[in-house]
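Read the structure below first, then the notes.
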2 protein chains.
Amino acid sequence: MLMGEIRILLVDDHPVVRAGLRAMLTEFEGFTVVAEAPEGAAAVKEVQRLAVLGEPVDVVLMDLQMGEGMDGVSATKALKELPDAPPVLILTTYDTDADILAAVEAGASGYMLKDAPPEQIRSAVQSAAAGQTALAPEVAARLMGRIRNPAPVLSAREVELLELLSTGMSNKAIAKELFISEATVKTHLVHIYDKLGVDNRTAAISVAVSRRIIRSAG
Amino acid sequence: MLMGEIRILLVDDHPVVRAGLRAMLTEFEGFTVVAEAPEGAAAVKEVQRLAVLGEPVDVVLMDLQMGEGMDGVSATKALKELPDAPPVLILTTYDTDADILAAVEAGASGYMLKDAPPEQIRSAVQSAAAGQTALAPEVAARLMGRIRNPAPVLSAREVELLELLSTGMSNKAIAKELFISEATVKTHLVHIYDKLGVDNRTAAISVAVSRRIIRSAG
DNA sequence: CCTGCTATCAACCTTTTGGTTGATGGCGTT
DNA sequence: AACGCCATCAACCAAAAGGTTGATAGCAGG
């Protein structure tokens, strides 16, 4: 293949951010932005379209929060089900555990923050294109810190519950949403309270937000 | 002055966004980005520096949320105290009541959203440079709506309660903290729920945070 | 002066949560 | 195979929160 250019698809609902990434990446050697999409569904279509044209995408740069349409996590999952799925590099604003976990679980090859210096983004794209994993230093540090300092680790399910909790849903509503019984919700909550060292849902949210386990409503 | 170019200062903590705005604006006729700043304090210095150089800034494009340093509202206030203060056009992601009101109160000449189409941003910058006010359609609509349908305003005491609420305190604890009876706490809560359109404390916090009535733990 | 809003409190009742105990099955590790 | 962790559910009880009615008092505005 002789080191052709790295072919990139940008997925972000903000035209300004897309323009910024395009400008930033094309200034570097070896990068081409071959397509853009404002949300996840369009991104999947673009990847397929370019694949059948014989001009496959090498790396997808994906935002997590899209105003409308398919969000980044769902899009990543959808992309990973395609044959010859390209690596997906998440590029977002927030570095909460919930976001990171969801992204990694969906099959993302990396997790970068939008306020990262250009050079960092450049090397992350390169790593992703090479099939490697690329984590932002902040993200990596957070993961390392949590290994050294065995802070109580919430399971993915527990984080999921916390997120619904933070929207103000009752146990009954959460149960319905997750297709489990109210009893199970209560069991999860007891475990969450235990791990966070609190004894009610409101305090749990407060602690979870300040520890960046979840992101507050916004 | 013969219709010189409009000289712009970009203020945003994300290099990606700055690059995007720069690329977007310089593609249009009549715009020059003369400086950039990652946060408010640096922005004020830039404006002053360029003023003494005899190359004054015509429009400041300002984000509201900066990771570190002076935030957009404070920076706008600071700029407005300078002699020959340039118009400040807010360009941000969120269009909450609190943000818009704070920005307008601080003296902003306009309020645009980052997901706006380039053409809209272009004309907003032009309006601001001409000394006019430029509001994004979404923002204008929201303001109109709030005039017709004034949002319930929480009393100072109610906000005080909300703040304690968000830390996870029980009614009893809040009562003790504020030297009032638990009954009074409950009465306040009923009023708060009523005004926010919710029916439990967790949802109240969620709404209050998303409306920026209080700021979340962090 | 009357009206409305705010802040305070009480009594009462219903619903929701929290806390406990115990049980099942899956999954991965030792 | 045995152990631990996770996710699921049930039944039960105690505590907290939610909802209602009603009352008092201050203070601002028409």
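We name chains A, B, ... following the order of the structure tokens; residues begin at 1 in each chain, and ligands are numbered from 1 as shown.
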
Checklist entry - Once chain B sits on chain A after a least-squares Cα superposition, all atoms in order, what's the RMSD? => result 4.4 Å

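Every residue of chain B that lies within 10 Å of chain D is listed here, counting only C-alpha atoms (C1' of nucleotides): Ser170, Asn171, Lys172, Lys186, Leu189, Val190, Asp199, Asn200 and Arg201 of chain B.
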
Using C-alpha atoms, can you export the residues from the last selection as a CSV table (one decimal), in the first residue's frame?
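So out.csv came out as:
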```csv
chain,number,residue,atom,x,y,z
B,170,SER,CA,-32.0,14.7,53.9
B,171,ASN,CA,-34.9,16.9,54.9
B,172,LYS,CA,-33.9,16.6,58.5
B,186,LYS,CA,-41.1,20.1,53.0
B,189,LEU,CA,-39.8,21.5,48.5
B,190,VAL,CA,-43.4,21.3,47.4
B,199,ASP,CA,-42.3,15.6,41.7
B,200,ASN,CA,-39.2,14.4,43.5
B,201,ARG,CA,-35.9,15.8,44.7
```

Item to check | Residues of chain C within 10 Å of chain A, only C-alpha atoms (C1' of nucleotides) counted, as an NGL selection string | outcome: :C and (16-19)

Checklist entry - Taking only C-alpha atoms into account, which residues of chain A are within 9 Å of chain B, as a PyMOL selection string? => result chain A and resi 13-24+67+114-118+165-170+198-212+216-218

Checklist entry - Per DSSP on the backbone, what are the strand (DSSP E) residues of region 76-196 of chain A, as a PyMOL selection string? => result chain A and resi 88-92+110-113+134-135

Could you dump the residues just selected with N, CA and C atoms as an mmCIF file, in the first residue's frame?
```cif
data_model
loop_
_atom_site.group_PDB
_atom_site.id
_atom_site.type_symbol
_atom_site.label_atom_id
_atom_site.label_comp_id
_atom_site.auth_asym_id
_atom_site.auth_seq_id
_atom_site.Cartn_x
_atom_site.Cartn_y
_atom_site.Cartn_z
ATOM 1 N N VAL A 88 -12.602 3.329 15.105
ATOM 2 C CA VAL A 88 -13.337 4.539 15.487
ATOM 3 C C VAL A 88 -12.601 5.225 16.627
ATOM 4 N N LEU A 89 -12.240 6.470 16.396
ATOM 5 C CA LEU A 89 -11.566 7.254 17.427
ATOM 6 C C LEU A 89 -12.556 8.267 17.976
ATOM 7 N N ILE A 90 -12.865 8.143 19.254
ATOM 8 C CA ILE A 90 -13.815 9.069 19.876
ATOM 9 C C ILE A 90 -13.114 10.399 20.161
ATOM 10 N N LEU A 91 -13.784 11.474 19.805
ATOM 11 C CA LEU A 91 -13.235 12.811 20.068
ATOM 12 C C LEU A 91 -14.355 13.630 20.668
ATOM 13 N N THR A 92 -14.274 13.848 21.958
ATOM 14 C CA THR A 92 -15.408 14.459 22.639
ATOM 15 C C THR A 92 -14.950 15.458 23.691
ATOM 16 N N GLY A 110 -10.075 4.422 20.502
ATOM 17 C CA GLY A 110 -9.384 5.473 21.238
ATOM 18 C C GLY A 110 -10.362 6.480 21.778
ATOM 19 N N TYR A 111 -9.844 7.342 22.656
ATOM 20 C CA TYR A 111 -10.713 8.318 23.309
ATOM 21 C C TYR A 111 -9.908 9.592 23.516
ATOM 22 N N MET A 112 -10.232 10.612 22.739
ATOM 23 C CA MET A 112 -9.494 11.871 22.837
ATOM 24 C C MET A 112 -10.429 12.992 23.257
ATOM 25 N N LEU A 113 -9.827 14.041 23.825
ATOM 26 C CA LEU A 113 -10.617 15.193 24.245
ATOM 27 C C LEU A 113 -10.432 16.338 23.259
ATOM 28 N N ALA A 134 -5.543 4.425 21.251
ATOM 29 C CA ALA A 134 -5.032 5.753 21.584
ATOM 30 C C ALA A 134 -5.900 6.390 22.654
ATOM 31 N N LEU A 135 -5.304 6.596 23.809
ATOM 32 C CA LEU A 135 -6.057 7.237 24.883
ATOM 33 C C LEU A 135 -5.450 8.597 25.197
#
```

Checklist entry - region 43-204 of chain A: which residues are helix (DSSP H, G or I) by DSSP, as number ranges by chain? => result A: 43-52, 72-80, 97-106, 118-129, 137-148, 156-166, 171-178, 182-196, 201-204

Checklist entry - Could you pull the residues within 8 Å of Ala75 (chain B), counting only C-alpha atoms (C1' of nucleotides), minus those fewer than 3 positions along the same chain, as a list in words? => result Gly40, Ala41, Ala43, Val44, Met70, Asp71, Gly72, Ala78 and Leu79 of chain B

Checklist outcome for this item: Computed gap from CA of Leu9 (chain B) to CA of Val47 (chain B) is 7.9 Å

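Ranking C:DC9, C:DG26, C:DT14, C:DT20 by their shortest atom-to-atom distance to Val185 (chain B), with only C-alpha atoms (C1' of nucleotides) included, puts C:DC9 first.
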
Spatial neighbours of Arg122 (chain B), 8 Å, only C-alpha atoms (C1' of nucleotides), chain gap at least 3 places, as a PDB file with C-alpha atoms, in the first residue's frame:
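Result file follows (out-v7.pdb):
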```pdb
ATOM      1  CA  LEU B  25     -14.266  32.921   8.652  1.00  0.00           C
ATOM      2  CA  PHE B  28     -15.545  34.481   3.667  1.00  0.00           C
ATOM      3  CA  PRO B 118     -21.634  28.938   8.701  1.00  0.00           C
ATOM      4  CA  GLU B 119     -23.748  31.487   6.880  1.00  0.00           C
ATOM      5  CA  VAL B 125     -20.290  38.614  12.995  1.00  0.00           C
ATOM      6  CA  GLN B 126     -21.108  41.213  10.411  1.00  0.00           C
TER       7      GLN B 126
END
```

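In this model, the gap between CA of Val33 (chain B) and CA of Arg7 (chain B) comes to 5.9 Å.
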